[in-house]
$ cat query33.pdb   # PDB, C-alpha atoms, pLDDT in the B column
ATOM      1  CA  ASP L 103       3.921 -14.917   7.877  1.00 65.00           C
ATOM      2  CA  VAL L 104       0.661 -13.136   7.257  1.00 62.00           C
ATOM      3  CA  LYS L 105      -1.205 -14.436   4.299  1.00 91.00           C
ATOM      4  CA  VAL L 106      -3.729 -12.278   2.518  1.00 95.00           C
ATOM      5  CA  THR L 107      -5.486 -14.146  -0.245  1.00 95.00           C
ATOM      6  CA  GLN L 108      -7.530 -12.574  -2.983  1.00 95.00           C
ATOM      7  CA  SER L 109      -9.833 -15.017  -4.705  1.00 89.00           C
ATOM      8  CA  SER L 110      -9.052 -14.048  -8.292  1.00 90.00           C
ATOM      9  CA  ARG L 111      -5.897 -12.842  -9.953  1.00 92.00           C
ATOM     10  CA  TYR L 112      -7.630 -11.774 -13.152  1.00 95.00           C
ATOM     11  CA  LEU L 113     -11.287 -11.032 -13.749  1.00 96.00           C
ATOM     12  CA  VAL L 114     -13.178  -9.876 -16.816  1.00 97.00           C
ATOM     13  CA  LYS L 115     -16.716  -8.585 -16.386  1.00 97.00           C
ATOM     14  CA  ARG L 116     -19.270  -6.784 -18.503  1.00 97.00           C
ATOM     15  CA  THR L 117     -20.640  -3.324 -17.865  1.00 97.00           C
ATOM     16  CA  GLY L 118     -23.582  -3.445 -15.495  1.00 97.00           C
ATOM     17  CA  GLU L 119     -22.667  -6.724 -13.844  1.00 97.00           C
ATOM     18  CA  LYS L 120     -22.494  -7.047 -10.098  1.00 97.00           C
ATOM     19  CA  VAL L 121     -18.949  -8.023  -9.154  1.00 97.00           C
ATOM     20  CA  PHE L 122     -17.655  -9.545  -5.940  1.00 97.00           C
ATOM     21  CA  LEU L 123     -13.979  -9.405  -4.995  1.00 97.00           C
ATOM     22  CA  GLU L 124     -13.109 -11.605  -2.060  1.00 96.00           C
ATOM     23  CA  CYS L 125     -10.252 -11.250   0.387  1.00 97.00           C
ATOM     24  CA  VAL L 126      -9.272 -13.530   3.260  1.00 97.00           C
ATOM     25  CA  GLN L 127      -6.504 -13.079   5.823  1.00 96.00           C
ATOM     26  CA  ASP L 128      -5.255 -15.766   8.158  1.00 94.00           C
ATOM     27  CA  MET L 129      -3.568 -13.826  10.963  1.00 88.00           C
ATOM     28  CA  ASP L 130      -6.542 -12.675  12.981  1.00 90.00           C
ATOM     29  CA  HIS L 131      -5.982  -9.045  11.997  1.00 91.00           C
ATOM     30  CA  GLU L 132      -8.555  -6.549  13.162  1.00 90.00           C
ATOM     31  CA  ASN L 133      -8.220  -4.180  10.224  1.00 92.00           C
ATOM     32  CA  MET L 134      -8.850  -4.748   6.554  1.00 94.00           C
ATOM     33  CA  PHE L 135      -8.682  -2.429   3.562  1.00 94.00           C
ATOM     34  CA  TRP L 136      -9.470  -2.236  -0.125  1.00 96.00           C
ATOM     35  CA  TYR L 137      -7.345  -0.099  -2.419  1.00 96.00           C
ATOM     36  CA  ARG L 138      -7.291   0.374  -6.126  1.00 96.00           C
ATOM     37  CA  GLN L 139      -4.080   0.997  -8.001  1.00 95.00           C
ATOM     38  CA  ASP L 140      -3.975   2.901 -11.251  1.00 93.00           C
ATOM     39  CA  PRO L 141      -0.950   4.101 -13.232  1.00 86.00           C
ATOM     40  CA  GLY L 142       0.098   7.574 -12.176  1.00 81.00           C
ATOM     41  CA  LEU L 143      -2.415   7.663  -9.323  1.00 86.00           C
ATOM     42  CA  GLY L 144      -0.728   5.432  -6.788  1.00 87.00           C
ATOM     43  CA  LEU L 145      -2.940   3.573  -4.324  1.00 91.00           C
ATOM     44  CA  ARG L 146      -6.292   5.005  -3.381  1.00 92.00           C
ATOM     45  CA  LEU L 147      -8.365   3.782  -0.460  1.00 93.00           C
ATOM     46  CA  ILE L 148     -11.871   2.616  -1.312  1.00 96.00           C
ATOM     47  CA  TYR L 149     -13.201   1.221   1.974  1.00 96.00           C
ATOM     48  CA  PHE L 150     -11.831  -0.076   5.218  1.00 94.00           C
ATOM     49  CA  SER L 151     -12.987  -1.938   8.286  1.00 93.00           C
ATOM     50  CA  TYR L 152     -11.642  -1.907  11.819  1.00 89.00           C
ATOM     51  CA  ASP L 153     -13.939  -4.645  13.102  1.00 88.00           C
ATOM     52  CA  VAL L 154     -16.471  -7.238  12.045  1.00 90.00           C
ATOM     53  CA  LYS L 155     -19.634  -5.694  10.595  1.00 84.00           C
ATOM     54  CA  MET L 156     -17.966  -2.304  10.678  1.00 87.00           C
ATOM     55  CA  LYS L 157     -17.079  -0.373   7.541  1.00 93.00           C
ATOM     56  CA  GLU L 158     -15.991   3.119   6.687  1.00 92.00           C
ATOM     57  CA  LYS L 159     -15.620   4.964   3.426  1.00 94.00           C
ATOM     58  CA  GLY L 160     -12.198   5.739   2.150  1.00 92.00           C
ATOM     59  CA  ASP L 161     -11.260   8.349  -0.412  1.00 91.00           C
ATOM     60  CA  ILE L 162     -13.096   6.926  -3.421  1.00 95.00           C
ATOM     61  CA  PRO L 163     -16.095   4.856  -2.261  1.00 97.00           C
ATOM     62  CA  GLU L 164     -18.486   5.811  -5.062  1.00 96.00           C
ATOM     63  CA  GLY L 165     -19.721   2.798  -6.980  1.00 96.00           C
ATOM     64  CA  TYR L 166     -18.487   0.338  -4.373  1.00 98.00           C
ATOM     65  CA  SER L 167     -19.734  -1.316  -1.216  1.00 97.00           C
ATOM     66  CA  VAL L 168     -18.164  -3.791   1.189  1.00 97.00           C
ATOM     67  CA  SER L 169     -19.125  -6.582   3.511  1.00 96.00           C
ATOM     68  CA  ARG L 170     -17.354  -7.908   6.571  1.00 95.00           C
ATOM     69  CA  GLU L 171     -19.423 -10.653   8.162  1.00 93.00           C
ATOM     70  CA  LYS L 172     -16.417 -12.506   9.550  1.00 94.00           C
ATOM     71  CA  LYS L 173     -13.156 -11.167  10.919  1.00 94.00           C
ATOM     72  CA  GLU L 174     -11.011 -12.887   8.324  1.00 95.00           C
ATOM     73  CA  ARG L 175     -13.034 -11.971   5.241  1.00 96.00           C
ATOM     74  CA  PHE L 176     -13.570  -8.602   3.582  1.00 97.00           C
ATOM     75  CA  SER L 177     -15.501  -8.435   0.336  1.00 97.00           C
ATOM     76  CA  LEU L 178     -15.574  -5.584  -2.149  1.00 98.00           C
ATOM     77  CA  ILE L 179     -18.727  -5.273  -4.230  1.00 98.00           C
ATOM     78  CA  LEU L 180     -19.149  -3.362  -7.456  1.00 97.00           C
ATOM     79  CA  GLU L 181     -22.903  -2.893  -7.604  1.00 94.00           C
ATOM     80  CA  SER L 182     -22.988  -2.179 -11.337  1.00 97.00           C
ATOM     81  CA  ALA L 183     -19.575  -2.421 -12.929  1.00 97.00           C
ATOM     82  CA  SER L 184     -18.471   0.350 -15.228  1.00 97.00           C
ATOM     83  CA  THR L 185     -15.476   0.674 -17.527  1.00 97.00           C
ATOM     84  CA  ASN L 186     -13.877   3.293 -15.258  1.00 96.00           C
ATOM     85  CA  GLN L 187     -13.645   0.620 -12.583  1.00 98.00           C
ATOM     86  CA  THR L 188     -11.129  -1.300 -14.661  1.00 98.00           C
ATOM     87  CA  SER L 189      -8.171  -1.397 -12.330  1.00 97.00           C
ATOM     88  CA  MET L 190      -5.921  -3.396 -10.041  1.00 96.00           C
ATOM     89  CA  TYR L 191      -7.628  -4.000  -6.707  1.00 97.00           C
ATOM     90  CA  LEU L 192      -5.511  -4.626  -3.637  1.00 96.00           C
ATOM     91  CA  CYS L 193      -6.715  -5.993  -0.336  1.00 96.00           C
ATOM     92  CA  ALA L 194      -4.667  -5.425   2.813  1.00 94.00           C
ATOM     93  CA  SER L 195      -4.862  -6.196   6.498  1.00 93.00           C
ATOM     94  CA  SER L 196      -3.123  -5.006   9.633  1.00 91.00           C
ATOM     95  CA  SER L 197      -3.143  -5.591  13.351  1.00 86.00           C
ATOM     96  CA  ASP L 198      -3.886  -2.930  15.913  1.00 76.00           C
ATOM     97  CA  GLY L 199      -0.243  -2.769  16.965  1.00 64.00           C
ATOM     98  CA  GLU L 200       1.354  -1.216  20.022  1.00 58.00           C
ATOM     99  CA  ARG L 201       0.141   2.289  19.253  1.00 54.00           C
ATOM    100  CA  GLY L 202      -2.960   1.472  17.336  1.00 60.00           C
ATOM    101  CA  VAL L 203      -3.674   1.003  13.691  1.00 60.00           C
ATOM    102  CA  GLU L 204      -1.658   4.035  12.563  1.00 67.00           C
ATOM    103  CA  ASN L 205       1.713   2.419  13.114  1.00 74.00           C
ATOM    104  CA  SER L 206       0.956  -1.090  11.908  1.00 84.00           C
ATOM    105  CA  PRO L 207       2.255  -1.932   8.452  1.00 88.00           C
ATOM    106  CA  LEU L 208      -0.131  -3.213   5.847  1.00 91.00           C
ATOM    107  CA  HIS L 209       0.023  -6.771   4.547  1.00 92.00           C
ATOM    108  CA  PHE L 210      -1.182  -6.985   0.985  1.00 94.00           C
ATOM    109  CA  GLY L 211      -2.641  -9.680  -1.190  1.00 94.00           C
ATOM    110  CA  ASN L 212      -1.443 -10.301  -4.739  1.00 92.00           C
ATOM    111  CA  GLY L 213      -4.139  -8.156  -6.218  1.00 94.00           C
ATOM    112  CA  THR L 214      -7.041  -8.721  -8.598  1.00 96.00           C
ATOM    113  CA  ARG L 215      -6.769  -7.175 -12.037  1.00 96.00           C
ATOM    114  CA  LEU L 216     -10.330  -6.398 -13.049  1.00 97.00           C
ATOM    115  CA  THR L 217     -11.273  -5.519 -16.592  1.00 98.00           C
ATOM    116  CA  VAL L 218     -14.767  -4.219 -17.292  1.00 98.00           C
ATOM    117  CA  THR L 219     -15.778  -4.322 -20.946  1.00 97.00           C
TER
ATOM    118  CA  ALA W  36      -4.782  17.058   4.242  1.00 80.00           C
ATOM    119  CA  GLN W  37      -1.889  14.673   3.988  1.00 87.00           C
ATOM    120  CA  LYS W  38       0.250  14.308   0.921  1.00 93.00           C
ATOM    121  CA  VAL W  39       3.177  12.178  -0.177  1.00 95.00           C
ATOM    122  CA  THR W  40       5.273  13.140  -3.171  1.00 96.00           C
ATOM    123  CA  GLN W  41       7.637  10.813  -4.954  1.00 96.00           C
ATOM    124  CA  ALA W  42       9.021  13.086  -7.603  1.00 93.00           C
ATOM    125  CA  GLN W  43      10.907  10.385  -9.463  1.00 96.00           C
ATOM    126  CA  THR W  44       8.496   8.440 -11.632  1.00 94.00           C
ATOM    127  CA  GLU W  45      11.097   6.118 -13.114  1.00 96.00           C
ATOM    128  CA  ILE W  46      14.749   5.463 -12.391  1.00 97.00           C
ATOM    129  CA  SER W  47      17.054   3.226 -14.367  1.00 97.00           C
ATOM    130  CA  VAL W  48      20.492   2.190 -13.117  1.00 97.00           C
ATOM    131  CA  VAL W  49      23.094  -0.392 -13.945  1.00 97.00           C
ATOM    132  CA  GLU W  50      23.725  -3.162 -11.471  1.00 97.00           C
ATOM    133  CA  LYS W  51      26.036  -2.242  -8.574  1.00 97.00           C
ATOM    134  CA  GLU W  52      25.187   1.436  -8.777  1.00 97.00           C
ATOM    135  CA  ASP W  53      23.800   3.149  -5.694  1.00 97.00           C
ATOM    136  CA  VAL W  54      20.361   4.684  -6.068  1.00 97.00           C
ATOM    137  CA  THR W  55      18.270   6.971  -3.853  1.00 97.00           C
ATOM    138  CA  LEU W  56      14.506   7.169  -4.007  1.00 97.00           C
ATOM    139  CA  ASP W  57      13.073  10.437  -2.741  1.00 97.00           C
ATOM    140  CA  CYS W  58       9.969  10.876  -0.628  1.00 97.00           C
ATOM    141  CA  VAL W  59       8.588  14.172   0.645  1.00 97.00           C
ATOM    142  CA  TYR W  60       5.504  14.311   2.806  1.00 96.00           C
ATOM    143  CA  GLU W  61       3.059  16.844   4.199  1.00 94.00           C
ATOM    144  CA  THR W  62       1.061  16.441   7.376  1.00 92.00           C
ATOM    145  CA  ARG W  63      -0.273  18.582  10.200  1.00 90.00           C
ATOM    146  CA  ASP W  64      -0.040  15.750  12.679  1.00 86.00           C
ATOM    147  CA  THR W  65       2.669  15.987  15.308  1.00 85.00           C
ATOM    148  CA  THR W  66       2.940  12.220  15.614  1.00 86.00           C
ATOM    149  CA  TYR W  67       2.932  10.184  12.467  1.00 89.00           C
ATOM    150  CA  TYR W  68       4.435   7.130  10.834  1.00 90.00           C
ATOM    151  CA  LEU W  69       6.153   6.687   7.505  1.00 92.00           C
ATOM    152  CA  PHE W  70       6.520   3.487   5.532  1.00 93.00           C
ATOM    153  CA  TRP W  71       8.246   2.145   2.459  1.00 95.00           C
ATOM    154  CA  TYR W  72       6.781  -0.716   0.447  1.00 95.00           C
ATOM    155  CA  LYS W  73       8.185  -2.666  -2.497  1.00 96.00           C
ATOM    156  CA  GLN W  74       6.015  -3.998  -5.302  1.00 95.00           C
ATOM    157  CA  PRO W  75       7.918  -6.473  -7.477  1.00 93.00           C
ATOM    158  CA  PRO W  76       6.585  -7.548 -10.887  1.00 88.00           C
ATOM    159  CA  SER W  77       4.568 -10.290  -9.191  1.00 84.00           C
ATOM    160  CA  GLY W  78       2.313  -7.540  -7.837  1.00 84.00           C
ATOM    161  CA  GLU W  79       2.253  -8.060  -4.073  1.00 89.00           C
ATOM    162  CA  LEU W  80       3.312  -5.028  -2.060  1.00 93.00           C
ATOM    163  CA  VAL W  81       5.782  -5.927   0.650  1.00 93.00           C
ATOM    164  CA  PHE W  82       6.459  -3.836   3.726  1.00 92.00           C
ATOM    165  CA  LEU W  83      10.099  -2.716   4.019  1.00 92.00           C
ATOM    166  CA  ILE W  84      10.370  -0.269   6.893  1.00 89.00           C
ATOM    167  CA  ARG W  85       8.443   1.893   9.318  1.00 88.00           C
ATOM    168  CA  ARG W  86       9.668   5.115  10.881  1.00 88.00           C
ATOM    169  CA  ASN W  87       7.901   7.182  13.529  1.00 85.00           C
ATOM    170  CA  SER W  88       8.069  10.949  13.671  1.00 86.00           C
ATOM    171  CA  PHE W  89       9.776  11.114  17.052  1.00 83.00           C
ATOM    172  CA  ASP W  90      12.728   8.979  16.069  1.00 78.00           C
ATOM    173  CA  GLU W  91      15.018  10.581  13.500  1.00 74.00           C
ATOM    174  CA  GLN W  92      17.710   7.969  13.732  1.00 75.00           C
ATOM    175  CA  ASN W  93      18.621   6.669  10.321  1.00 77.00           C
ATOM    176  CA  GLU W  94      18.394   2.978   9.698  1.00 78.00           C
ATOM    177  CA  ILE W  95      20.428   0.525   7.704  1.00 81.00           C
ATOM    178  CA  SER W  96      19.397  -2.981   6.785  1.00 83.00           C
ATOM    179  CA  GLY W  97      21.888  -4.740   4.578  1.00 89.00           C
ATOM    180  CA  ARG W  98      22.039  -2.834   1.295  1.00 91.00           C
ATOM    181  CA  TYR W  99      19.057  -0.705   2.247  1.00 92.00           C
ATOM    182  CA  SER W 100      19.215   2.516   4.233  1.00 90.00           C
ATOM    183  CA  TRP W 101      16.719   5.189   5.096  1.00 90.00           C
ATOM    184  CA  ASN W 102      17.307   8.861   5.820  1.00 91.00           C
ATOM    185  CA  PHE W 103      14.506  10.550   7.751  1.00 91.00           C
ATOM    186  CA  GLN W 104      14.762  14.326   8.075  1.00 91.00           C
ATOM    187  CA  LYS W 105      11.878  15.973   9.854  1.00 90.00           C
ATOM    188  CA  SER W 106      13.188  19.456   9.085  1.00 91.00           C
ATOM    189  CA  THR W 107      12.731  18.884   5.361  1.00 94.00           C
ATOM    190  CA  SER W 108       9.794  16.436   5.662  1.00 94.00           C
ATOM    191  CA  SER W 109      11.704  13.827   3.753  1.00 95.00           C
ATOM    192  CA  PHE W 110      12.131  10.087   4.125  1.00 94.00           C
ATOM    193  CA  ASN W 111      14.536   8.949   1.435  1.00 95.00           C
ATOM    194  CA  PHE W 112      15.487   5.386   0.633  1.00 94.00           C
ATOM    195  CA  THR W 113      18.908   4.356  -0.648  1.00 94.00           C
ATOM    196  CA  ILE W 114      19.861   1.026  -2.178  1.00 95.00           C
ATOM    197  CA  THR W 115      23.597   0.422  -2.187  1.00 95.00           C
ATOM    198  CA  ALA W 116      25.145  -1.769  -4.860  1.00 96.00           C
ATOM    199  CA  SER W 117      21.832  -2.341  -6.596  1.00 96.00           C
ATOM    200  CA  GLN W 118      20.912  -5.744  -7.987  1.00 97.00           C
ATOM    201  CA  VAL W 119      18.532  -6.851 -10.715  1.00 96.00           C
ATOM    202  CA  VAL W 120      16.212  -8.257  -8.036  1.00 95.00           C
ATOM    203  CA  ASP W 121      15.745  -4.738  -6.713  1.00 96.00           C
ATOM    204  CA  SER W 122      13.755  -3.895  -9.834  1.00 97.00           C
ATOM    205  CA  ALA W 123      10.290  -3.000  -8.587  1.00 97.00           C
ATOM    206  CA  VAL W 124       7.916  -0.168  -7.866  1.00 95.00           C
ATOM    207  CA  TYR W 125       8.634   1.446  -4.517  1.00 97.00           C
ATOM    208  CA  PHE W 126       5.984   3.286  -2.569  1.00 96.00           C
ATOM    209  CA  CYS W 127       6.382   5.710   0.275  1.00 96.00           C
ATOM    210  CA  ALA W 128       3.354   6.012   2.561  1.00 94.00           C
ATOM    211  CA  LEU W 129       2.284   8.266   5.420  1.00 92.00           C
ATOM    212  CA  GLY W 130       0.272   6.707   8.201  1.00 84.00           C
ATOM    213  CA  ALA W 131      -1.032   3.188   8.262  1.00 69.00           C
ATOM    214  CA  GLY W 132      -4.419   1.777   7.455  1.00 65.00           C
ATOM    215  CA  LYS W 133      -5.834   4.931   6.003  1.00 77.00           C
ATOM    216  CA  SER W 134      -2.444   5.488   4.494  1.00 85.00           C
ATOM    217  CA  THR W 135      -1.611   8.196   2.042  1.00 90.00           C
ATOM    218  CA  PHE W 136       0.594   6.705  -0.640  1.00 92.00           C
ATOM    219  CA  GLY W 137       2.909   8.392  -3.067  1.00 93.00           C
ATOM    220  CA  ASP W 138       2.506   7.574  -6.731  1.00 93.00           C
ATOM    221  CA  GLY W 139       5.472   5.227  -6.607  1.00 94.00           C
ATOM    222  CA  THR W 140       8.895   5.130  -8.240  1.00 96.00           C
ATOM    223  CA  THR W 141       9.631   2.419 -10.769  1.00 96.00           C
ATOM    224  CA  LEU W 142      13.203   1.261 -10.368  1.00 97.00           C
ATOM    225  CA  THR W 143      14.824  -0.737 -13.133  1.00 97.00           C
ATOM    226  CA  VAL W 144      18.205  -2.276 -12.460  1.00 97.00           C
ATOM    227  CA  LYS W 145      19.932  -3.469 -15.602  1.00 97.00           C
ATOM    228  CA  PRO W 146      22.570  -6.198 -15.562  1.00 95.00           C
TER
END
$ encode --input "query33.pdb" --output "structure tokens"
Amino acid sequence: DVKVTQSSRYLVKRTGEKVFLECVQDMDHENMFWYRQDPGLGLRLIYFSYDVKMKEKGDIPEGYSVSREKKERFSLILESASTNQTSMYLCASSSDGERGVENSPLHFGNGTRLTVT
Amino acid sequence: AQKVTQAQTEISVVEKEDVTLDCVYETRDTTYYLFWYKQPPSGELVFLIRRNSFDEQNEISGRYSWNFQKSTSSFNFTITASQVVDSAVYFCALGAGKSTFGDGTTLTVKP
């Protein structure tokens, strides 16, 4: 089974801090994603990566950046944390699949619940 | 723009009842994929099923079944004889990777 591991389950940070959320997958998947989940808003895509050193903005990239130096690791960075970034952050990965990335299901980590005070 | 609507925010049933979770989607693509995911209280979303737009055959897997109707842009999910372990948030999604997710339906199954 695919294993997607997020380094922290719970995290509390102060406003203005630089925050790193780490995600590692062990199935050699090409694609990795960061979502945030908020009540009533579902899952919203922050950034994604289809290859090492490649990154693309999702729907809500403001205030975030990412790093993918190795295929298995995808880091989400909050440059200067703010209270409106308090949320559940979900990392996911997928393979390219038979018809490309669009038909490959996502494999999620357990999530990191970040609180910014 | 793509959109997924799960009109039911919360559903509560008693164990052994059947329950249907609705999903309506919007897309201009002619080929697309639909997914259902389950998020139990532990938090990890788990993939349940994938359906492509050119295959309207319904699918049954144990107590789970899915009804895909392209004419009404719907991809509904039915749990037969619900169990307490089915309690979770269920998400419908359009596409993969850059998926568009619905807001989710919280299902509570009471003993």
$ closest_residue --input "query33.pdb" --among "L:His209, L:Ile148, L:Gly165, L:Met190" --to "Met129 of chain L" --atoms "all atoms listed in the file"
L:His209
$ interface_residues --input "query33.pdb" --of "chain W" --to "chain L" --cutoff "8 Å" --atoms "all atoms listed in the file" --output "MDAnalysis selection string"
chainID W and resid 67:68 70 77:82 85 87 130:139
$ atom_distance --input "query33.pdb" --atom1 "atom CA of Tyr166 of chain L" --atom2 "atom CA of Tyr125 of chain W"
27.1 Å
$ residues_around --input "query33.pdb" --residues "segment 103-111 of chain W" --least-positions-apart "6" --cutoff "6 Å" --atoms "only C-alpha atoms" --output "list in words"
Leu56, Asp57, Cys58, Val59, Tyr60 and Glu91 of chain W
$ residues_near_point --input "query33.pdb" --point "(-10.4, -11.3, 3.7)" --cutoff "8 Å" --atoms "only C-alpha atoms" --output "number ranges by chain"
L: 106-108, 124-127, 134, 173-177, 193
$ residues_around --input "query33.pdb" --residues "Leu142 of chain W" --least-positions-apart "4" --cutoff "9 Å" --atoms "only C-alpha atoms" --output "PyMOL selection string"
chain W and resi 44-48+56+121-125
$ residues_around --input "query33.pdb" --residues "segment 113-121 of chain L" --least-positions-apart "6" --cutoff "12 Å" --atoms "all atoms listed in the file" --output "PyMOL selection string"
chain L and resi 165-168+177-191+213-219
$ atom_distance --input "query33.pdb" --atom1 "atom CA of Arg170 of chain L" --atom2 "atom CA of Val154 of chain L"
5.6 Å
$ atom_distance --input "query33.pdb" --atom1 "atom CA of Thr55 of chain W" --atom2 "atom CA of Ser96 of chain W"
14.6 Å
$ closest_residue --input "query33.pdb" --among "W:Thr141, W:Phe126, W:Gln118, W:Tyr72" --to "Glu50 of chain W" --atoms "only C-alpha atoms"
W:Gln118
